[in-house]
Structure formats: structure tokens, C-alpha cells
$ cat work_6.cif   # mmCIF, C-alpha atoms and all ligand atoms
data_protein
#
loop_
_atom_site.label_atom_id
_atom_site.label_comp_id
_atom_site.auth_asym_id
_atom_site.auth_seq_id
_atom_site.Cartn_x
_atom_site.Cartn_y
_atom_site.Cartn_z
CA MET A 1331 27.10 23.57 7.74
CA SER A 1332 25.28 23.14 4.46
CA ALA A 1333 21.49 23.20 4.36
CA PRO A 1334 19.82 19.89 5.24
CA LEU A 1335 18.44 17.67 2.51
CA VAL A 1336 15.13 17.37 4.33
CA ARG A 1337 13.59 19.70 6.86
CA ALA A 1338 10.19 19.09 8.42
CA ASP A 1339 8.75 21.66 10.76
CA GLY A 1340 5.51 21.05 12.64
CA LEU A 1341 4.46 18.74 9.82
CA ALA A 1342 1.08 17.01 9.89
CA VAL A 1343 -0.02 14.58 7.16
CA GLY A 1344 -3.03 12.38 6.55
CA TYR A 1345 -5.35 10.90 3.97
CA GLY A 1346 -8.32 13.17 4.66
CA ALA A 1347 -8.83 16.23 6.79
CA ALA A 1348 -7.59 14.51 9.96
CA PRO A 1349 -3.87 13.91 10.30
CA VAL A 1350 -2.63 10.36 10.95
CA LEU A 1351 0.83 11.75 11.75
CA SER A 1352 1.58 15.11 13.36
CA ASP A 1353 4.15 17.23 15.21
CA VAL A 1354 6.97 16.09 12.93
CA THR A 1355 10.03 18.32 13.22
CA PHE A 1356 13.38 16.95 12.10
CA ALA A 1357 16.21 17.49 9.65
CA LEU A 1358 18.18 15.04 7.52
CA ALA A 1359 21.67 16.21 6.58
CA ALA A 1360 23.86 14.97 3.75
CA GLY A 1361 25.89 12.01 4.97
CA GLU A 1362 23.38 10.88 7.59
CA ARG A 1363 21.53 7.63 8.07
CA VAL A 1364 18.38 8.11 10.10
CA GLY A 1365 16.30 5.21 11.38
CA VAL A 1366 12.54 5.76 11.36
CA LEU A 1367 11.06 3.73 14.20
CA GLY A 1368 7.48 3.06 15.15
CA PRO A 1369 4.81 0.41 15.62
CA ASN A 1370 2.60 -0.86 12.81
CA GLY A 1371 0.41 2.03 11.80
CA GLY A 1372 2.75 4.50 13.52
CA GLY A 1373 3.12 6.62 10.39
CA LYS A 1374 6.43 5.59 8.82
CA THR A 1375 4.98 4.91 5.38
CA THR A 1376 2.83 8.03 5.61
CA LEU A 1377 5.93 10.14 6.24
CA PHE A 1378 7.63 8.54 3.23
CA ARG A 1379 4.61 9.29 1.05
CA ALA A 1380 4.80 12.92 2.12
CA LEU A 1381 8.51 12.99 1.26
CA LEU A 1382 7.72 11.54 -2.17
CA GLY A 1383 5.16 14.29 -2.73
CA GLU A 1384 2.21 11.89 -2.76
CA LEU A 1385 0.66 13.55 0.29
CA GLN A 1386 0.62 17.28 0.93
CA PRO A 1387 1.17 18.72 4.42
CA LEU A 1388 -2.09 19.38 6.28
CA SER A 1389 -0.10 21.82 8.38
CA GLY A 1390 3.52 22.72 8.95
CA THR A 1391 6.20 22.56 6.27
CA LEU A 1392 8.30 19.94 4.51
CA ASP A 1393 11.26 21.09 2.44
CA LEU A 1394 13.49 18.91 0.31
CA ALA A 1395 16.80 20.00 -1.17
CA GLY A 1396 17.27 17.13 -3.60
CA ARG A 1397 15.58 14.36 -5.46
CA CYS A 1398 14.00 11.61 -3.41
CA GLY A 1399 14.28 7.96 -4.44
CA THR A 1400 12.45 5.13 -2.76
CA VAL A 1401 13.28 1.50 -2.10
CA PRO A 1402 9.87 -0.02 -1.40
CA GLN A 1403 9.15 -3.37 0.16
CA THR A 1404 9.24 -6.03 -2.50
CA GLU A 1405 6.41 -8.45 -2.28
CA ARG A 1406 6.82 -11.67 -4.15
CA SER A 1407 3.15 -11.63 -5.07
CA ARG A 1408 3.77 -8.57 -7.19
CA LEU A 1409 6.70 -10.06 -9.03
CA ASP A 1410 4.91 -12.42 -11.36
CA PHE A 1411 5.49 -10.36 -14.47
CA PRO A 1412 8.78 -10.84 -16.26
CA VAL A 1413 10.98 -7.82 -15.72
CA SER A 1414 14.73 -8.15 -15.51
CA ALA A 1415 16.97 -6.54 -12.91
CA LEU A 1416 18.09 -4.17 -15.68
CA ASP A 1417 14.47 -3.22 -16.45
CA VAL A 1418 13.92 -2.31 -12.81
CA ALA A 1419 17.09 -0.22 -12.64
CA LEU A 1420 16.08 1.45 -15.93
CA MET A 1421 12.79 2.55 -14.38
CA GLY A 1422 14.90 5.11 -12.52
CA ALA A 1423 15.86 6.66 -15.83
CA ILE A 1424 12.52 6.58 -17.58
CA ALA A 1425 10.32 7.89 -14.74
CA GLY A 1426 9.32 11.39 -15.71
CA ARG A 1427 10.01 11.01 -19.42
CA PRO A 1428 7.28 10.66 -22.04
CA TRP A 1429 5.95 7.10 -22.24
CA TRP A 1430 6.60 6.78 -25.95
CA LYS A 1431 10.33 7.41 -25.63
CA ARG A 1432 12.20 4.16 -25.21
CA PRO A 1433 15.29 4.13 -23.02
CA GLY A 1434 18.38 5.01 -25.02
CA ARG A 1435 21.98 3.95 -24.87
CA ALA A 1436 22.90 6.49 -22.18
CA GLU A 1437 20.11 5.32 -19.93
CA ARG A 1438 21.03 1.67 -20.35
CA ALA A 1439 24.64 2.54 -19.57
CA ALA A 1440 23.54 4.40 -16.42
CA ALA A 1441 21.43 1.42 -15.33
CA HIS A 1442 24.33 -0.99 -15.89
CA ALA A 1443 26.68 1.31 -13.98
CA ALA A 1444 24.24 1.47 -11.06
CA LEU A 1445 23.85 -2.33 -11.03
CA LYS A 1446 27.61 -2.63 -11.02
CA ARG A 1447 27.77 -0.17 -8.14
CA VAL A 1448 25.54 -2.45 -6.05
CA GLY A 1449 27.49 -5.53 -7.17
CA LEU A 1450 24.82 -7.02 -9.41
CA ASP A 1451 25.63 -6.22 -13.02
CA HIS A 1452 26.30 -9.89 -13.67
CA LEU A 1453 22.62 -10.54 -12.93
CA ALA A 1454 21.30 -7.69 -15.12
CA GLU A 1455 19.28 -10.03 -17.36
CA ARG A 1456 17.98 -12.19 -14.51
CA SER A 1457 14.28 -11.94 -13.76
CA PHE A 1458 13.73 -9.58 -10.82
CA GLY A 1459 11.31 -12.01 -9.17
CA GLU A 1460 13.92 -14.77 -9.16
CA LEU A 1461 16.46 -12.75 -7.22
CA SER A 1462 16.91 -13.17 -3.48
CA GLY A 1463 15.35 -10.58 -1.18
CA GLY A 1464 18.72 -8.92 -0.59
CA GLN A 1465 19.49 -8.78 -4.30
CA ARG A 1466 16.08 -7.23 -5.02
CA GLN A 1467 16.74 -4.55 -2.41
CA ARG A 1468 20.07 -3.78 -4.06
CA VAL A 1469 18.48 -3.57 -7.52
CA LEU A 1470 16.01 -1.06 -6.07
CA VAL A 1471 18.92 0.90 -4.59
CA ALA A 1472 20.41 0.87 -8.11
CA ARG A 1473 17.14 2.29 -9.44
CA ALA A 1474 17.41 5.15 -6.89
CA LEU A 1475 21.02 5.74 -8.02
CA VAL A 1476 19.89 5.96 -11.65
CA GLN A 1477 17.33 8.55 -10.52
CA ASP A 1478 20.24 10.42 -8.97
CA ALA A 1479 18.37 10.52 -5.68
CA ARG A 1480 20.19 12.50 -3.01
CA ILE A 1481 17.59 11.42 -0.51
CA VAL A 1482 17.06 7.66 -0.33
CA LEU A 1483 14.07 6.20 1.50
CA LEU A 1484 14.05 2.52 2.42
CA ASP A 1485 10.95 0.80 3.79
CA GLU A 1486 12.01 -2.03 6.07
CA PRO A 1487 14.75 -3.15 3.71
CA PHE A 1488 16.17 -5.75 6.09
CA THR A 1489 12.96 -7.73 6.57
CA GLY A 1490 13.55 -11.36 5.65
CA LEU A 1491 17.23 -10.98 4.75
CA ASP A 1492 19.81 -13.49 5.98
CA SER A 1493 22.73 -12.05 7.90
CA VAL A 1494 25.14 -12.00 4.92
CA SER A 1495 22.66 -10.11 2.73
CA ALA A 1496 21.81 -7.78 5.61
CA GLU A 1497 25.48 -6.95 6.17
CA ARG A 1498 25.98 -6.30 2.50
CA LEU A 1499 22.98 -3.97 2.38
CA GLU A 1500 24.13 -2.25 5.57
CA GLY A 1501 27.53 -1.61 3.91
CA LEU A 1502 25.83 -0.19 0.83
CA LEU A 1503 23.74 2.20 2.92
CA ARG A 1504 26.89 3.36 4.71
CA GLU A 1505 28.51 4.08 1.34
CA LEU A 1506 25.46 6.01 0.11
CA ALA A 1507 25.72 8.22 3.19
CA GLU A 1508 29.47 8.61 2.77
CA GLU A 1509 28.96 9.93 -0.75
CA GLY A 1510 26.82 12.71 0.68
CA ARG A 1511 23.33 11.30 0.33
CA GLY A 1512 20.79 11.35 3.12
CA VAL A 1513 19.31 7.95 3.95
CA LEU A 1514 16.05 7.36 5.81
CA ILE A 1515 15.40 3.77 6.84
CA ALA A 1516 12.05 2.63 8.25
CA THR A 1517 12.71 -0.29 10.52
CA HIS A 1518 11.29 -2.37 13.33
CA ASP A 1519 14.76 -3.17 14.61
CA VAL A 1520 15.69 -0.75 17.38
CA ASP A 1521 19.08 -2.34 17.95
CA GLN A 1522 20.06 -1.95 14.33
CA ALA A 1523 19.02 1.71 14.37
CA ARG A 1524 21.39 2.34 17.29
CA ALA A 1525 24.29 2.09 14.84
CA TRP A 1526 22.97 4.87 12.60
CA ASP A 1527 23.38 8.61 13.04
CA LYS A 1528 19.93 9.49 14.31
CA VAL A 1529 16.55 8.01 15.07
CA LEU A 1530 13.11 9.43 14.41
CA CYS A 1531 10.49 7.80 16.64
CA LEU A 1532 6.91 7.98 15.41
CA ASN A 1533 3.66 6.86 16.96
CA ARG A 1534 0.96 8.87 15.18
CA ARG A 1535 3.03 11.87 16.14
CA GLN A 1536 6.72 12.44 16.59
CA VAL A 1537 7.82 11.01 19.92
CA ALA A 1538 11.52 11.87 19.66
CA PHE A 1539 14.33 12.71 17.26
CA GLY A 1540 18.06 12.74 17.86
CA ALA A 1541 21.22 10.67 18.19
CA PRO A 1542 20.31 7.08 19.15
CA GLN A 1543 22.18 6.86 22.44
CA PRO A 1544 20.58 9.79 24.29
CA THR A 1545 17.26 9.49 22.45
CA LEU A 1546 16.31 5.84 22.90
CA THR A 1547 15.42 5.97 26.56
CA LEU A 1548 12.93 3.65 28.20
CA ASP A 1549 10.33 6.40 28.23
CA VAL A 1550 10.80 7.14 24.53
CA LEU A 1551 10.60 3.45 23.60
CA ALA A 1552 7.49 2.99 25.71
CA ALA A 1553 5.84 6.03 24.12
CA THR A 1554 6.87 4.84 20.64
CA TYR A 1555 5.73 1.24 20.94
CA GLY A 1556 2.97 1.65 23.51
CA GLY A 1557 1.51 -1.63 24.66
CA SER A 1558 3.88 -3.83 22.72
CA ILE A 1559 6.84 -3.11 24.97
CA VAL A 1560 7.54 -5.46 27.87
CA THR A 1561 10.07 -5.84 30.64
CA LEU A 1562 11.38 -9.39 30.59
CA PRO A 1563 10.80 -11.43 33.71
CA GLY A 1564 13.30 -13.78 35.41
CA GLY A 1565 16.40 -15.44 34.03
CA GLU A 1566 19.42 -13.83 32.43
CA ASP A 1567 17.40 -11.15 30.72
CA ALA A 1568 15.48 -10.06 33.81
CA GLY A 1569 14.54 -6.42 33.62
CA ARG A 1570 15.70 -6.07 30.02
CA LEU A 1571 13.38 -4.29 27.73
CA ALA A 1572 11.93 -6.18 24.80
CA ILE A 1573 9.74 -5.03 22.00
CA LEU A 1574 7.25 -7.64 20.94
CA PRO A 1575 7.54 -8.45 17.24
CA PRO A 1576 5.02 -6.57 15.16
CA HIS A 1577 2.21 -8.47 13.48
CA HIS A 1578 3.70 -8.47 10.09
CA HIS A 1579 2.26 -9.91 6.96
CA ASP A 1580 4.55 -12.54 5.61
CA HIS A 1581 4.72 -11.65 1.97
CA ASP A 1582 6.42 -14.86 0.94
CA HIS A 1583 3.55 -17.16 1.71
N1 LIG A 1601 -4.39 5.04 2.07
C1 LIG A 1601 -4.78 5.27 3.35
N2 LIG A 1601 -5.98 5.83 3.61
C2 LIG A 1601 -6.37 6.10 4.87
N3 LIG A 1601 -5.62 5.83 5.96
C3 LIG A 1601 -4.43 5.25 5.76
C4 LIG A 1601 -3.93 4.95 4.44
N4 LIG A 1601 -2.70 4.40 4.56
C5 LIG A 1601 -2.44 4.35 5.89
N5 LIG A 1601 -3.47 4.87 6.60
C6 LIG A 1601 -3.52 5.02 8.08
O1 LIG A 1601 -2.47 5.86 8.50
C7 LIG A 1601 -1.91 5.39 9.72
C8 LIG A 1601 -0.40 5.28 9.58
O2 LIG A 1601 -0.10 4.22 8.66
P1 LIG A 1601 1.34 3.97 8.04
O3 LIG A 1601 1.15 3.01 6.92
O4 LIG A 1601 2.00 5.25 7.75
O5 LIG A 1601 2.09 3.25 9.25
P2 LIG A 1601 3.49 2.49 9.27
O6 LIG A 1601 4.24 3.06 10.42
O7 LIG A 1601 4.12 2.57 7.94
O8 LIG A 1601 3.05 1.01 9.59
P3 LIG A 1601 3.68 -0.41 9.14
O9 LIG A 1601 4.85 -0.63 10.02
O10 LIG A 1601 2.55 -1.33 9.43
O11 LIG A 1601 4.02 -0.32 7.68
C9 LIG A 1601 -2.60 4.07 10.03
O12 LIG A 1601 -3.61 4.31 10.99
C10 LIG A 1601 -3.25 3.68 8.74
O13 LIG A 1601 -4.45 2.98 8.96
#
$ encode --input "work_6.cif" --output "C-alpha cells"
Amino acid sequence: MSAPLVRADGLAVGYGAAPVLSDVTFALAAGERVGVLGPNGGGKTTLFRALLGELQPLSGTLDLAGRCGTVPQTERSRLDFPVSALDVALMGAIAGRPWWKRPGRAERAAAHAALKRVGLDHLAERSFGELSGGQRQRVLVARALVQDARIVLLDEPFTGLDSVSAERLEGLLRELAEEGRGVLIATHDVDQARAWDKVLCLNRRQVAFGAPQPTLTLDVLAATYGGSIVTLPGGEDAGRLAILPPHHHDHDH
């Protein structure tokens, strides 16, 4: 088997001397989609920041065998300036080049090709802020493609998407994996993560890592979500496990 795209071994990361996330040991192979699960404050974003090189390991190791591209959450409040979908995709080409060099023909062609790849080239000139949530996510995937990211990180990409947009994005992530990229998806949706290759459960430390079916046991879910996990009383769902929705900021209001 070829070397993994990401390997973390005993990794601890934080914003000062004390780690906010520790004991992280996992590997991401080419062709895999891995769901990163955890409660609010569990450390998902912190792990992504370490993968992007913004935070250095406090202990342990983190090795990447490829470029890492990120699909951040898109908050409407930050979209008031007029950038087009093409501009956003182009950012993938101009990151890392001197600021005075304007994007050239090749870069524009790469950005158009990436937009086409995600089914949005017809909206290239449309203002990014006017696009639907699902379209914005796909433009950001296009930006990662322009960066030639072999490792793609997505931070709760399905939040707020209707089911058609969610299915479309899900299909795109499957294709990214099929072309040999490694895809890490932070999510609050345990059921959705069951369909992916592996899950990484974080709650200030790594609780579990492995294939969803054997990994997502009651004990693991309880340790991952702590107090926010409940057993449903009475009725049809009696005894079923439910995870209370996280207190999430609604960015659209
Ligand atoms: N810039 C920062 N400085 C100091 N502490 C931080 C910073 N960012 C996050 N933290 C702390 O690190 C811990 C993990 O936060 P992180 O954002 O990684 O969680 P998360 O799993 O991404 O949560 P959410 O689902 O809410 O996005 C939290 O206790 C948080 O308060």
C-alpha cells in the first residue's frame, strides 16, 4: 500500500503551552473520506489548523504527503465585498505567488476548468455572496482543485444545505476520493459519516478512529459527545440514541 497522505502520531496541539487536543493518532490514505466528529469545542477546527500548518505540534508528529486545501465555512456576513465565483477559484492559483503578479491566462484557465469540474462555470462571473450555500461550497472545492490539493479539508460543508445541494456535494466528495485525494470532513452528522470510509472521533482528545460500523459504538458516541447524548424515551424511538443538536451560530441571520 502506498504511504498515507496524512499520518498523525501522538499529536497534541493547542494555542498556548497547554494542548486543547491530544492523543491524536490516525492515517488518511488516498481515496478515503474520513468524517471528523465531535462536539462544539471538541477540536475539529484545531486539527484542521494543524493540518494547514497554522499550528505546530506541541508533541507527537504530523506528516503530510501532499498539498492541503481547505473548504472553510462560508459566513454570509463575510461576503459583502464583491468577488466573483471566478475570483474565489483563482485564489487557489495566486496563493503563494508574489502579490504584485496578477493572475495570468493559465491561471484563469485552471480556475475555469475547476469551476466546470464542480458544475459551476456558467456562474463564474456571479458574485460569490449571491450564490446558494451549496454553490459556495462547490466554488471553494474548485479553489482547492486549483491549488492541486491532494488533501481536502471541509469544515461542516453540509450545514444549511437543502437535500439536493447536499447530495450534489456528497457526489463531488466521492469523486474527489475516487481520483485519489484524501478527504477529511468535519461534521455534526453521525449518520452521514457512517457512509464514509472512516471516522475520527474527537473530544479534546482522540476518542476513536476506524471504520464507522465497528467504531461508532454507544460507548464511543457517549465519550465523544459527553452530556449531549440521550437515550430517547417512549414511543417508536424508545431506547434509540440521539445526539442533541449542537448550539450552533446561525450565520445567516
Ligand atoms: N484561537 C484560539 N485561541 C485559544 N483557544 C482556542 C482558539 N480557537 C479555539 N480554541 C479552543 O480550542 C478548543 C477546541 O476548539 P475547536 O474550534 O477546535 O473545536 P471544534 O470541534 O472545531 O468546535 P465547533 O464544532 O464549535 O467548530 C476549544 O476549547 C476552544 O475554546
$ residues_near_ligand --input "work_6.cif" --ligand "ligand LIG 1601 (chain A)" --cutoff "9 Å" --atoms "only C-alpha atoms and all ligand atoms" --output "PyMOL selection string"
chain A and resi 1344-1346+1349-1351+1366-1379+1485-1486+1516-1518+1532-1534+1576-1579
$ residues_around --input "work_6.cif" --residues "range 1386-1390 of chain A" --least-positions-apart "3" --cutoff "6 Å" --atoms "all atoms listed in the file" --output "list in words"
Asp1339, Gly1340, Leu1341, Ala1342 and Val1343 of chain A
$ residues_near_point --input "work_6.cif" --point "(13.8, -10.0, -4.0)" --cutoff "10 Å" --atoms "all atoms listed in the file" --output "PyMOL selection string"
chain A and resi 1403-1406+1409+1457-1470+1490-1491
$ residues_around --input "work_6.cif" --residues "Trp1526 in chain A" --least-positions-apart "4" --cutoff "9 Å" --atoms "all atoms listed in the file" --output "ChimeraX atom specification"
/A:1362-1365,1504,1522,1541-1542
$ residues_around --input "work_6.cif" --residues "range 1437-1446 of chain A" --least-positions-apart "4" --cutoff "7 Å" --atoms "all atoms listed in the file" --output "list in words"
Leu1416, Ala1419, Leu1420, Ala1423, Pro1433, Leu1450, Asp1451, Val1469, Ala1472, Leu1475 and Val1476 of chain A
$ closest_residue --input "work_6.cif" --among "A:Ala1525, A:Ala1347, A:Leu1358, A:Gly1434" --to "Phe1539 in chain A" --atoms "all atoms listed in the file"
A:Leu1358
$ residues_around --input "work_6.cif" --residues "range 1481-1483 of chain A" --least-positions-apart "2" --cutoff "9 Å" --atoms "only C-alpha atoms" --output "list in words"
Leu1335, Val1336, Leu1358, Ala1360, Phe1378, Leu1381, Leu1394, Ala1395, Gly1396, Arg1397, Cys1398, Gly1399, Thr1400, Val1401, Pro1402, Val1471, Ala1474, Leu1475, Asp1478, Ala1479, Asp1485, Leu1506, Arg1511, Gly1512, Val1513, Leu1514, Ile1515 and Ala1516 of chain A
$ atom_distance --input "work_6.cif" --atom1 "CA of Arg1473 in chain A" --atom2 "CA of Arg1447 in chain A"
11.0 Å
$ residues_around --input "work_6.cif" --residues "Arg1524 in chain A" --least-positions-apart "3" --cutoff "7 Å" --atoms "all atoms listed in the file" --output "list in words"
Val1520, Asp1521, Pro1542 and Gln1543 of chain A
$ atom_distance --input "work_6.cif" --atom1 "CA of Lys1528 in chain A" --atom2 "CA of Glu1384 in chain A"
24.7 Å
$ atom_distance --input "work_6.cif" --atom1 "CA of Arg1456 in chain A" --atom2 "CA of Ser1414 in chain A"
5.3 Å
$ closest_residue --input "work_6.cif" --among "A:Val1448, A:Ala1454, A:Leu1530, A:Pro1544" --to "Leu1499 in chain A" --atoms "all atoms listed in the file"
A:Val1448
$ axis_aligned_box --input "work_6.cif" --around "range 1368-1377 of chain A" --padding-each-side "5 Å" --output "lines of an AutoDock Vina configuration file"
center_x = 3.9
center_y = 4.6
center_z = 10.5
size_x = 17.1
size_y = 21.0
size_z = 20.2
$ closest_residue --input "work_6.cif" --among "A:Val1354, A:Ala1507, A:Ala1523, A:Val1413" --to "Thr1545 in chain A" --atoms "all atoms listed in the file"
A:Ala1523
$ closest_residue --input "work_6.cif" --among "A:Leu1502, A:Asp1353, A:Thr1489, A:Val1550" --to "Asp1519 in chain A" --atoms "all atoms listed in the file"
A:Thr1489
